[in-house]
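J.: Below is the file input.cif, with mmCIF, C-alpha atoms and all ligand atoms.
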```cif
data_input
#
loop_
_atom_site.label_atom_id
_atom_site.label_comp_id
_atom_site.auth_asym_id
_atom_site.auth_seq_id
_atom_site.Cartn_x
_atom_site.Cartn_y
_atom_site.Cartn_z
CA MET A 1 -1.79 -115.10 80.58
CA LYS A 2 -2.73 -114.05 84.08
CA LYS A 3 -1.34 -115.78 87.17
CA VAL A 4 -1.46 -115.34 90.95
CA VAL A 5 1.93 -114.71 92.51
CA LEU A 6 3.14 -115.12 96.10
CA PRO A 7 6.04 -112.66 96.57
CA ALA A 8 7.33 -114.18 99.84
CA TYR A 9 6.34 -116.86 102.37
CA ASN A 10 4.78 -115.50 105.53
CA LYS A 11 3.97 -117.47 108.72
CA ASN A 12 1.14 -115.00 109.28
CA ILE A 13 -1.43 -116.48 106.92
CA ILE A 14 -3.53 -113.30 106.66
CA ARG A 15 -0.43 -111.33 105.60
CA ALA A 16 0.55 -114.07 103.16
CA ILE A 17 -2.93 -113.98 101.59
CA ARG A 18 -3.01 -110.18 101.47
CA SER A 19 0.40 -110.17 99.72
CA LEU A 20 -0.89 -112.22 96.75
CA ARG A 21 -0.96 -110.27 93.50
CA THR A 22 -1.80 -111.01 89.90
CA GLU A 23 0.71 -110.74 87.07
CA GLN A 24 0.67 -111.16 83.32
CA CYS A 25 3.24 -113.40 81.65
CA ALA A 26 3.87 -115.05 78.28
CA LEU A 27 2.10 -118.31 77.49
CA PRO A 28 4.48 -121.27 77.87
CA ARG A 29 4.78 -123.76 74.98
CA PRO A 30 4.55 -127.50 75.58
CA GLU A 31 7.50 -129.75 74.73
CA ASN A 32 7.50 -133.55 74.34
CA ASN A 33 4.81 -135.24 76.46
CA GLU A 34 3.76 -131.89 77.89
CA VAL A 35 0.36 -130.22 77.63
CA LEU A 36 -0.90 -126.69 77.98
CA ILE A 37 -4.16 -126.58 79.94
CA LYS A 38 -6.62 -123.70 79.99
CA VAL A 39 -7.59 -123.79 83.64
CA HIS A 40 -11.30 -123.83 84.48
CA ALA A 41 -10.92 -123.69 88.27
CA ALA A 42 -8.44 -124.42 91.05
CA PRO A 43 -9.38 -124.95 94.70
CA CYS A 44 -7.67 -123.63 97.79
CA ASN A 45 -6.79 -126.65 99.94
CA PRO A 46 -5.15 -126.79 103.41
CA SER A 47 -1.90 -127.73 101.61
CA ASP A 48 -2.07 -124.37 99.78
CA ILE A 49 -2.53 -122.55 103.07
CA ALA A 50 0.52 -124.36 104.50
CA PHE A 51 2.42 -123.57 101.28
CA LEU A 52 1.69 -119.80 101.54
CA MET A 53 3.10 -119.92 105.08
CA GLY A 54 6.26 -121.74 103.96
CA GLY A 55 5.21 -124.70 106.10
CA TYR A 56 4.56 -127.34 103.43
CA ASN A 57 6.95 -129.96 102.12
CA ILE A 58 6.94 -128.24 98.72
CA VAL A 59 8.85 -124.96 98.89
CA LYS A 60 9.21 -123.16 95.56
CA GLU A 61 11.57 -120.33 94.84
CA VAL A 62 9.66 -117.04 95.35
CA PRO A 63 8.00 -115.25 93.70
CA ALA A 64 5.99 -118.44 93.11
CA VAL A 65 2.62 -119.40 91.67
CA PRO A 66 0.59 -121.32 94.30
CA GLY A 67 -1.95 -124.10 93.68
CA PHE A 68 -1.47 -127.86 93.38
CA GLU A 69 -4.79 -128.94 91.91
CA GLY A 70 -7.32 -127.93 89.28
CA SER A 71 -9.39 -128.72 86.21
CA GLY A 72 -9.28 -127.49 82.64
CA VAL A 73 -9.11 -128.34 78.97
CA VAL A 74 -5.95 -129.30 77.06
CA VAL A 75 -5.45 -126.61 74.40
CA GLU A 76 -1.98 -127.49 73.10
CA ALA A 77 0.30 -130.51 73.37
CA GLY A 78 3.87 -131.55 72.59
CA GLU A 79 4.82 -134.70 70.73
CA GLY A 80 3.38 -137.78 72.40
CA ALA A 81 0.43 -136.00 73.99
CA GLU A 82 -1.48 -134.66 70.95
CA ASP A 83 -4.21 -137.27 71.35
CA ILE A 84 -5.66 -135.43 74.35
CA ILE A 85 -5.95 -131.97 72.78
CA GLY A 86 -9.49 -130.75 73.52
CA ARG A 87 -10.02 -133.19 76.42
CA LYS A 88 -11.23 -132.21 79.87
CA VAL A 89 -8.66 -132.98 82.59
CA SER A 90 -8.09 -132.83 86.34
CA PHE A 91 -4.53 -132.32 87.47
CA PHE A 92 -2.31 -132.54 90.57
CA ILE A 93 0.95 -130.64 90.04
CA GLN A 94 3.79 -129.94 92.43
CA GLU A 95 6.43 -128.66 89.99
CA GLU A 96 8.57 -125.65 90.85
CA SER A 97 7.73 -123.93 87.58
CA CYS A 98 3.94 -123.79 87.75
CA GLY A 99 0.92 -123.61 90.00
CA SER A 100 -2.78 -124.08 89.37
CA TRP A 101 -3.72 -120.53 90.46
CA SER A 102 -3.11 -119.45 86.93
CA GLU A 103 -5.04 -118.95 83.69
CA PHE A 104 -2.98 -121.67 81.96
CA VAL A 105 -0.87 -124.52 83.29
CA LEU A 106 1.96 -126.34 81.54
CA THR A 107 2.56 -129.84 82.85
CA SER A 108 3.49 -133.32 81.78
CA ARG A 109 0.83 -135.67 80.54
CA ASN A 110 1.36 -138.14 83.39
CA LYS A 111 0.19 -135.56 85.97
CA LEU A 112 -3.31 -135.60 84.47
CA VAL A 113 -6.49 -137.52 84.88
CA VAL A 114 -8.21 -137.42 81.48
CA LEU A 115 -11.90 -137.04 82.21
CA ASP A 116 -15.20 -138.29 80.94
CA GLU A 117 -16.82 -135.46 78.96
CA GLU A 118 -19.79 -135.50 81.34
CA MET A 119 -17.73 -134.51 84.39
CA ASP A 120 -18.77 -131.19 85.91
CA MET A 121 -15.71 -128.94 85.74
CA ASP A 122 -16.12 -127.37 89.20
CA GLN A 123 -16.25 -130.87 90.71
CA ALA A 124 -13.33 -131.88 88.47
CA ALA A 125 -11.23 -129.10 90.03
CA CYS A 126 -11.32 -131.02 93.34
CA PHE A 127 -11.13 -134.52 91.86
CA ALA A 128 -7.42 -135.29 91.61
CA ILE A 129 -6.55 -135.25 95.33
CA ASN A 130 -9.26 -135.77 97.97
CA PRO A 131 -11.36 -138.66 96.62
CA PHE A 132 -8.16 -140.62 95.88
CA THR A 133 -6.79 -139.79 99.33
CA ALA A 134 -9.94 -141.17 100.98
CA ARG A 135 -9.68 -144.26 98.81
CA GLY A 136 -5.98 -144.68 99.72
CA LEU A 137 -6.71 -144.34 103.43
CA LEU A 138 -9.51 -146.88 103.27
CA ASP A 139 -7.23 -149.29 101.42
CA ILE A 140 -5.26 -149.40 104.69
CA ALA A 141 -8.45 -150.40 106.54
CA LEU A 142 -9.09 -153.13 103.97
CA LEU A 143 -5.54 -154.44 104.20
CA ARG A 144 -5.67 -154.48 107.99
CA GLU A 145 -9.19 -155.92 107.93
CA ASN A 146 -10.43 -153.16 110.24
CA ARG A 147 -14.20 -152.79 110.46
CA ALA A 148 -14.13 -149.42 112.26
CA VAL A 149 -11.99 -146.30 111.85
CA ILE A 150 -11.59 -143.03 113.71
CA GLN A 151 -11.03 -139.76 111.86
CA ASN A 152 -10.57 -136.16 112.97
CA ALA A 153 -11.10 -132.97 110.92
CA ALA A 154 -14.29 -134.83 110.10
CA GLY A 155 -16.10 -131.78 108.72
CA GLY A 156 -13.64 -131.56 105.81
CA GLN A 157 -13.85 -132.97 102.32
CA VAL A 158 -11.37 -135.89 102.62
CA ALA A 159 -13.31 -136.98 105.70
CA ALA A 160 -16.63 -136.71 103.86
CA PHE A 161 -15.34 -139.06 101.15
CA VAL A 162 -13.97 -141.43 103.81
CA ARG A 163 -17.41 -141.52 105.46
CA GLN A 164 -19.18 -142.20 102.19
CA MET A 165 -16.75 -144.86 100.93
CA ALA A 166 -16.56 -146.52 104.36
CA ALA A 167 -20.35 -146.83 104.46
CA ASP A 168 -20.25 -148.61 101.07
CA MET A 169 -17.59 -150.98 102.46
CA GLY A 170 -19.46 -151.65 105.70
CA VAL A 171 -16.79 -149.92 107.79
CA GLU A 172 -17.99 -147.90 110.80
CA VAL A 173 -16.58 -144.38 111.29
CA ILE A 174 -16.06 -142.41 114.49
CA ASP A 175 -15.94 -138.77 113.43
CA ILE A 176 -14.20 -136.11 115.52
CA VAL A 177 -14.86 -132.40 114.87
CA ARG A 178 -13.89 -129.21 116.65
CA LYS A 179 -17.10 -127.18 116.28
CA GLN A 180 -20.61 -127.84 117.63
CA GLU A 181 -22.19 -126.63 114.35
CA THR A 182 -20.11 -129.15 112.37
CA MET A 183 -21.17 -131.93 114.74
CA GLU A 184 -24.84 -131.03 114.22
CA ARG A 185 -24.44 -130.91 110.43
CA LEU A 186 -22.72 -134.30 110.27
CA LYS A 187 -25.41 -135.88 112.45
CA LYS A 188 -28.11 -134.40 110.18
CA GLU A 189 -26.28 -135.87 107.19
CA GLY A 190 -26.46 -139.32 108.80
CA ALA A 191 -23.05 -139.70 110.50
CA LYS A 192 -23.62 -142.18 113.34
CA HIS A 193 -20.80 -141.50 115.80
CA VAL A 194 -19.72 -137.85 116.04
CA LEU A 195 -17.65 -136.44 118.89
CA LEU A 196 -16.62 -132.90 119.73
CA GLU A 197 -12.87 -132.89 120.42
CA ASN A 198 -13.10 -130.29 123.18
CA GLY A 199 -16.57 -131.33 124.39
CA PRO A 200 -17.41 -132.73 127.85
CA GLN A 201 -15.95 -136.18 128.59
CA PHE A 202 -14.41 -136.44 125.11
CA LYS A 203 -11.83 -139.05 126.14
CA GLN A 204 -14.39 -141.24 127.94
CA LYS A 205 -16.85 -141.06 125.01
CA LEU A 206 -14.10 -141.89 122.53
CA GLY A 207 -12.87 -144.81 124.66
CA LYS A 208 -16.40 -146.23 124.92
CA LEU A 209 -16.99 -146.06 121.14
CA VAL A 210 -13.56 -147.54 120.41
CA ARG A 211 -14.32 -150.54 122.65
CA GLN A 212 -17.85 -150.92 121.29
CA LEU A 213 -16.76 -150.89 117.62
CA ASP A 214 -13.26 -152.35 118.12
CA ALA A 215 -11.69 -149.38 116.29
CA ARG A 216 -7.98 -150.02 115.72
CA LEU A 217 -7.26 -147.59 112.88
CA ALA A 218 -7.27 -143.78 112.94
CA PHE A 219 -6.84 -141.24 110.13
CA ASP A 220 -5.26 -138.16 111.65
CA ALA A 221 -5.24 -134.84 109.79
CA VAL A 222 -4.71 -132.65 112.84
CA GLY A 223 -1.61 -133.62 114.87
CA GLY A 224 -0.85 -132.09 118.30
CA PRO A 225 -2.24 -133.61 121.53
CA LEU A 226 -5.42 -134.81 119.76
CA SER A 227 -3.37 -137.42 117.89
CA GLY A 228 -2.05 -138.73 121.20
CA GLU A 229 -5.55 -138.85 122.71
CA ILE A 230 -6.85 -140.86 119.75
CA PHE A 231 -3.80 -143.16 119.74
CA ASN A 232 -4.14 -143.79 123.48
CA ALA A 233 -7.84 -144.60 123.18
CA MET A 234 -7.10 -147.49 120.80
CA PRO A 235 -6.14 -150.99 122.00
CA GLU A 236 -3.12 -153.07 121.03
CA ASP A 237 -2.38 -153.73 117.36
CA ALA A 238 -3.79 -150.31 116.41
CA GLU A 239 -2.43 -147.86 113.82
CA LEU A 240 -2.65 -144.09 113.65
CA VAL A 241 -2.12 -142.86 110.08
CA SER A 242 -1.04 -139.23 109.94
CA TYR A 243 -1.99 -137.56 106.65
CA GLY A 244 -2.27 -133.88 107.61
CA GLY A 245 -0.95 -131.42 110.17
CA LEU A 246 -3.80 -128.93 110.39
CA SER A 247 -3.00 -127.87 113.98
CA THR A 248 0.63 -127.20 112.91
CA LYS A 249 1.58 -128.86 116.23
CA ASP A 250 3.79 -131.90 116.76
CA ILE A 251 2.03 -135.17 117.53
CA SER A 252 2.26 -135.49 121.31
CA GLY A 253 1.25 -137.47 124.38
CA ILE A 254 2.33 -140.89 123.15
CA ASN A 255 3.76 -143.44 125.55
CA PRO A 256 6.71 -145.29 123.92
CA MET A 257 5.66 -148.47 125.79
CA ASP A 258 2.61 -148.69 123.53
CA LEU A 259 4.89 -148.79 120.48
CA ILE A 260 7.31 -151.25 122.04
CA PHE A 261 5.03 -153.70 123.83
CA HIS A 262 1.55 -153.31 122.36
CA ASP A 263 2.23 -153.46 118.61
CA LYS A 264 0.78 -149.99 118.14
CA VAL A 265 2.04 -148.06 115.12
CA ILE A 266 2.14 -144.48 113.87
CA SER A 267 2.52 -144.18 110.11
CA GLY A 268 2.11 -141.58 107.35
CA PHE A 269 0.10 -141.43 104.14
CA ASN A 270 1.09 -139.33 101.13
CA LEU A 271 -1.06 -139.45 97.98
CA PRO A 272 1.74 -139.18 95.36
CA GLU A 273 3.53 -142.16 96.94
CA TRP A 274 0.31 -144.21 97.06
CA ARG A 275 -0.26 -143.38 93.37
CA GLU A 276 3.32 -144.34 92.43
CA GLN A 277 2.96 -147.74 94.05
CA MET A 278 -0.18 -148.45 92.07
CA ASP A 279 -0.43 -150.19 88.75
CA ASP A 280 -1.53 -147.66 86.03
CA ASP A 281 -4.41 -149.83 84.82
CA PHE A 282 -5.76 -150.25 88.34
CA PHE A 283 -5.52 -146.50 88.96
CA GLU A 284 -7.37 -145.87 85.71
CA GLN A 285 -10.09 -148.31 86.76
CA ILE A 286 -10.54 -146.58 90.14
CA SER A 287 -10.55 -143.18 88.44
CA LEU A 288 -13.25 -144.23 85.94
CA GLU A 289 -15.40 -145.75 88.70
CA MET A 290 -15.14 -142.59 90.78
CA GLN A 291 -15.88 -140.33 87.80
CA GLN A 292 -19.11 -142.25 87.20
CA LEU A 293 -20.08 -141.68 90.83
CA PHE A 294 -19.45 -137.93 90.39
CA ILE A 295 -21.39 -137.85 87.12
CA SER A 296 -24.37 -139.58 88.71
CA GLY A 297 -24.22 -137.17 91.67
CA VAL A 298 -23.45 -139.85 94.30
CA TYR A 299 -20.06 -138.25 95.05
CA ARG A 300 -19.72 -134.52 95.39
CA THR A 301 -17.14 -132.15 96.84
CA LYS A 302 -18.82 -129.41 98.83
CA ILE A 303 -17.97 -126.04 97.24
CA GLN A 304 -18.74 -122.84 99.17
CA GLY A 305 -18.03 -120.39 96.36
CA SER A 306 -15.94 -119.21 93.45
CA ILE A 307 -13.73 -116.14 93.35
CA GLY A 308 -11.91 -114.29 90.59
CA PHE A 309 -8.17 -113.64 90.83
CA ASP A 310 -8.90 -109.99 91.59
CA ASP A 311 -10.85 -110.87 94.75
CA ILE A 312 -8.54 -113.59 95.97
CA GLY A 313 -7.74 -112.01 99.36
CA ASN A 314 -11.32 -111.78 100.61
CA GLY A 315 -12.25 -115.16 99.15
CA LEU A 316 -9.40 -117.04 100.80
CA ILE A 317 -10.01 -115.41 104.16
CA GLN A 318 -13.68 -116.46 103.92
CA TYR A 319 -12.54 -120.08 103.28
CA LEU A 320 -10.10 -119.93 106.21
CA ARG A 321 -12.86 -118.79 108.58
CA ASN A 322 -14.95 -121.87 107.83
CA LEU A 323 -13.11 -124.69 106.11
CA SER A 324 -15.96 -127.13 106.76
CA LYS A 325 -18.29 -125.05 104.57
CA GLY A 326 -16.51 -126.40 101.51
CA LYS A 327 -13.86 -125.54 98.98
CA MET A 328 -13.33 -122.07 97.56
CA LEU A 329 -12.60 -122.21 93.83
CA LEU A 330 -10.30 -119.75 92.12
CA LYS A 331 -11.10 -118.78 88.57
CA ALA A 332 -9.34 -116.26 86.36
CA LYS A 333 -12.74 -114.62 85.88
CA VAL A 334 -15.97 -115.48 87.71
N1 LIG A 401 -1.38 -136.74 102.82
C1 LIG A 401 -2.04 -136.58 101.71
O1 LIG A 401 -1.73 -137.17 100.67
C2 LIG A 401 -3.22 -135.65 101.72
C3 LIG A 401 -4.06 -135.56 100.59
C4 LIG A 401 -5.19 -134.72 100.68
C5 LIG A 401 -5.42 -133.96 101.83
N2 LIG A 401 -4.53 -134.06 102.85
C6 LIG A 401 -4.74 -133.32 104.11
O2 LIG A 401 -6.00 -133.67 104.60
C7 LIG A 401 -6.45 -132.64 105.47
C8 LIG A 401 -7.92 -132.33 105.16
O3 LIG A 401 -8.00 -131.79 103.84
P1 LIG A 401 -9.42 -131.37 103.26
O4 LIG A 401 -9.23 -130.98 101.84
O5 LIG A 401 -10.42 -132.39 103.63
O6 LIG A 401 -9.70 -130.05 104.10
P2 LIG A 401 -10.99 -129.11 104.13
O7 LIG A 401 -12.08 -129.68 103.32
O8 LIG A 401 -10.55 -127.73 103.85
O9 LIG A 401 -11.43 -129.21 105.66
C9 LIG A 401 -10.53 -129.07 106.69
C10 LIG A 401 -11.22 -129.56 107.95
O10 LIG A 401 -10.28 -129.57 109.01
C11 LIG A 401 -10.81 -128.89 110.14
N3 LIG A 401 -9.69 -128.27 110.84
C12 LIG A 401 -8.87 -127.29 110.40
N4 LIG A 401 -7.93 -127.00 111.31
C13 LIG A 401 -8.17 -127.82 112.36
C14 LIG A 401 -7.54 -127.98 113.63
N5 LIG A 401 -6.47 -127.25 114.01
N6 LIG A 401 -8.07 -128.88 114.48
C15 LIG A 401 -9.13 -129.63 114.13
N7 LIG A 401 -9.77 -129.52 112.95
C16 LIG A 401 -9.29 -128.61 112.08
C17 LIG A 401 -11.77 -127.88 109.56
O11 LIG A 401 -12.73 -127.55 110.52
P3 LIG A 401 -13.31 -126.06 110.72
O12 LIG A 401 -14.44 -125.91 109.78
O13 LIG A 401 -13.69 -126.12 112.14
O14 LIG A 401 -12.18 -125.11 110.42
C18 LIG A 401 -12.36 -128.67 108.38
O15 LIG A 401 -13.42 -129.49 108.80
C19 LIG A 401 -5.50 -131.47 105.27
O16 LIG A 401 -4.54 -131.47 106.29
C20 LIG A 401 -4.82 -131.82 103.95
O17 LIG A 401 -3.56 -131.22 103.81
C21 LIG A 401 -3.46 -134.88 102.82
#
```
How would this structure read if it were set down as structure tokens?
Ligand SMILES: NC(=O)c1ccc[n+]([C@@H]2O[C@H](COP(=O)([O-])OP(=O)(O)OC[C@H]3O[C@@H](n4cnc5c(N)ncnc54)[C@H](OP(=O)(O)O)[C@@H]3O)[C@@H](O)[C@H]2O)c1
T.:
Amino acid sequence: MKKVVLPAYNKNIIRAIRSLRTEQCALPRPENNEVLIKVHAAPCNPSDIAFLMGGYNIVKEVPAVPGFEGSGVVVEAGEGAEDIIGRKVSFFIQEESCGSWSEFVLTSRNKLVVLDEEMDMDQAACFAINPFTARGLLDIALLRENRAVIQNAAGGQVAAFVRQMAADMGVEVIDIVRKQETMERLKKEGAKHVLLENGPQFKQKLGKLVRQLDARLAFDAVGGPLSGEIFNAMPEDAELVSYGGLSTKDISGINPMDLIFHDKVISGFNLPEWREQMDDDFFEQISLEMQQLFISGVYRTKIQGSIGFDDIGNGLIQYLRNLSKGKMLLKAKV
């Protein structure tokens, strides 16, 4: 089988991408409760970019196969997993031994979402992480009984699902983006409150919206001083949930008095932990409901293109230049 290999981590992302190569290796064989999946597609996510730079919380021994997510069909199974041979699956894998940027993936059955046969396989490639992340973040809003949330990196795909699910729940969203063109697109798509993080009077505009909507919960995928600005704009009893570090900068500008005297909180969200805390039957129910929304076309991950392993360098650089345009899918052959 063919796989993409990262020879060494490199903080310079362009060099890391340009160093990727393809290799042939023997097909692995599944053992008990394991399955072999013929991969249909695997996206490049911001976590993959951080991984290539050696800046993610998963660090594999190099040379390593990147990719944490994908879709495919189970072609072989070990004892205990034979019932899903031939089934379409989405998967989220973080094991040392494999990555989704590969023609085949060997993983354990419990890392899979077994799909409805009607699921589109490109959409399925981006199903296992982002829609569930948005759902997990909004669960926090439900628990806290917040009727308005703030989110940055709002042109991205997690944010798009948050916007859509929040609208269904009657929760208002204040979206923060870093590019004028993204702001215009979101407004065209119906987003009600969109702010440009480096635009004129950003802090004043944010403060006004926060007061108007009583926003006391923020989903932060960026970090750096922007996190502090959002945190400071919120009143007492507010929570900033960090779930991404796109700026690669430390969260900054936070006054400890707010934490001590005003019941304000900074917390973190990590999808695998959210999943672990959840009852299997409830997860299955959420998964089935979301699949139906994908099948009917209500939910959709924006995909900007597909690239073959042999053109991976150019394809990933195109994604990096405009993340908001949608996911770039990797396929062994396009
Ligand atoms: N904690 C978890 O369990 C979990 C699960 C899923 C995802 N995540 C995280 O969620 C974040 C979003 O993922 P995604 O799949 O939605 O990403 P995506 O679709 O690739 O979009 C990323 C978005 O972030 C914006 N962005 C990138 N760097 C930025 C910066 N320095 N400052 C402000 N905005 C920036 C991009 O805007 P431009 O178009 O302007 O570049 C784009 O709109 C990532 O950090 C990812 O790792 C976390």
J.: Do you know which residues are within 6 Å of ligand LIG 401 (chain A) using only C-alpha atoms and all ligand atoms? Can you write them as a ChimeraX atom specification?
T.: /A:45-47,129-130,133,153-159,178-179,221-222,243-247,269-271,322-324,326
J.: Could you state the separation of CA of Val173 in chain A and CA of Leu288 in chain A in Å, given to one decimal place?
T.: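 CA of Leu288 in chain A lies 25.6 Å from CA of Val173 in chain A.
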J.: Residues near Arg144 in chain A, anyone? I mean within 10 Å using all atoms listed in the file, not counting same-chain ones fewer than 6 positions away, as a CSV table (one decimal) with C-alpha atoms, keeping the file's coordinate frame.
T.:
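Just written: part35.csv:
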```
chain,number,residue,atom,x,y,z
A,138,LEU,CA,-9.5,-146.9,103.3
A,216,ARG,CA,-8.0,-150.0,115.7
A,217,LEU,CA,-7.3,-147.6,112.9
A,237,ASP,CA,-2.4,-153.7,117.4
A,238,ALA,CA,-3.8,-150.3,116.4
A,239,GLU,CA,-2.4,-147.9,113.8
```
J.: With all atoms listed in the file as the atoms that count, which of A:Arg147, A:Lys333, A:Arg135, A:Arg185 lies nearest to Val162 in chain A?
T.: A:Arg135
J.: For Met119 in chain A, find every residue with an atom within 12 Å (counting only C-alpha atoms), except residues of its own chain fewer than 6 positions away, and show them as a count of residues only.
T.: 23
J.: List the spatial neighbours of Ala218 in chain A as a ChimeraX atom specification - criterion: any atom at most 6 Å away, all atoms listed in the file, same-chain residues fewer than 6 positions off excluded.
T.: /A:149-151,240-241
J.: With all atoms listed in the file as the basis for distance, which of A:Phe231, A:Gln304, A:Glu284, A:Gly253 is at the shortest distance from Val265 in chain A?
T.: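 The answer is A:Phe231, which sits nearest to Val265 in chain A.
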J.: Report, in Å with one decimal, the straight-line distance from CA of Lys327 in chain A to CA of Ile312 in chain A.
T.: 13.4 Å
J.: Have a look at A:Tyr319, A:Phe68, A:Thr248, A:Asn198 and name the one nearest to Ala41 in chain A; count all atoms listed in the file.
T.: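 Of the candidates, the smallest distance to Ala41 in chain A is held by A:Phe68.
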J.: Quick one: pull the distance between CA of Ala81 in chain A and CA of Asp116 in chain A, Å, one decimal.
T.: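 A separation of 17.3 Å between them.
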J.: List the spatial neighbours of Gln164 in chain A as a count of residues only - criterion: any atom at most 10 Å away, all atoms listed in the file, same-chain residues fewer than 4 positions off excluded.
T.: 10
J.: From the list A:Ile176, A:Val334, A:Gln24, A:Glu181, which residue is nearest Lys205 in chain A when using only C-alpha atoms?
T.: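 Closest candidate: A:Ile176.
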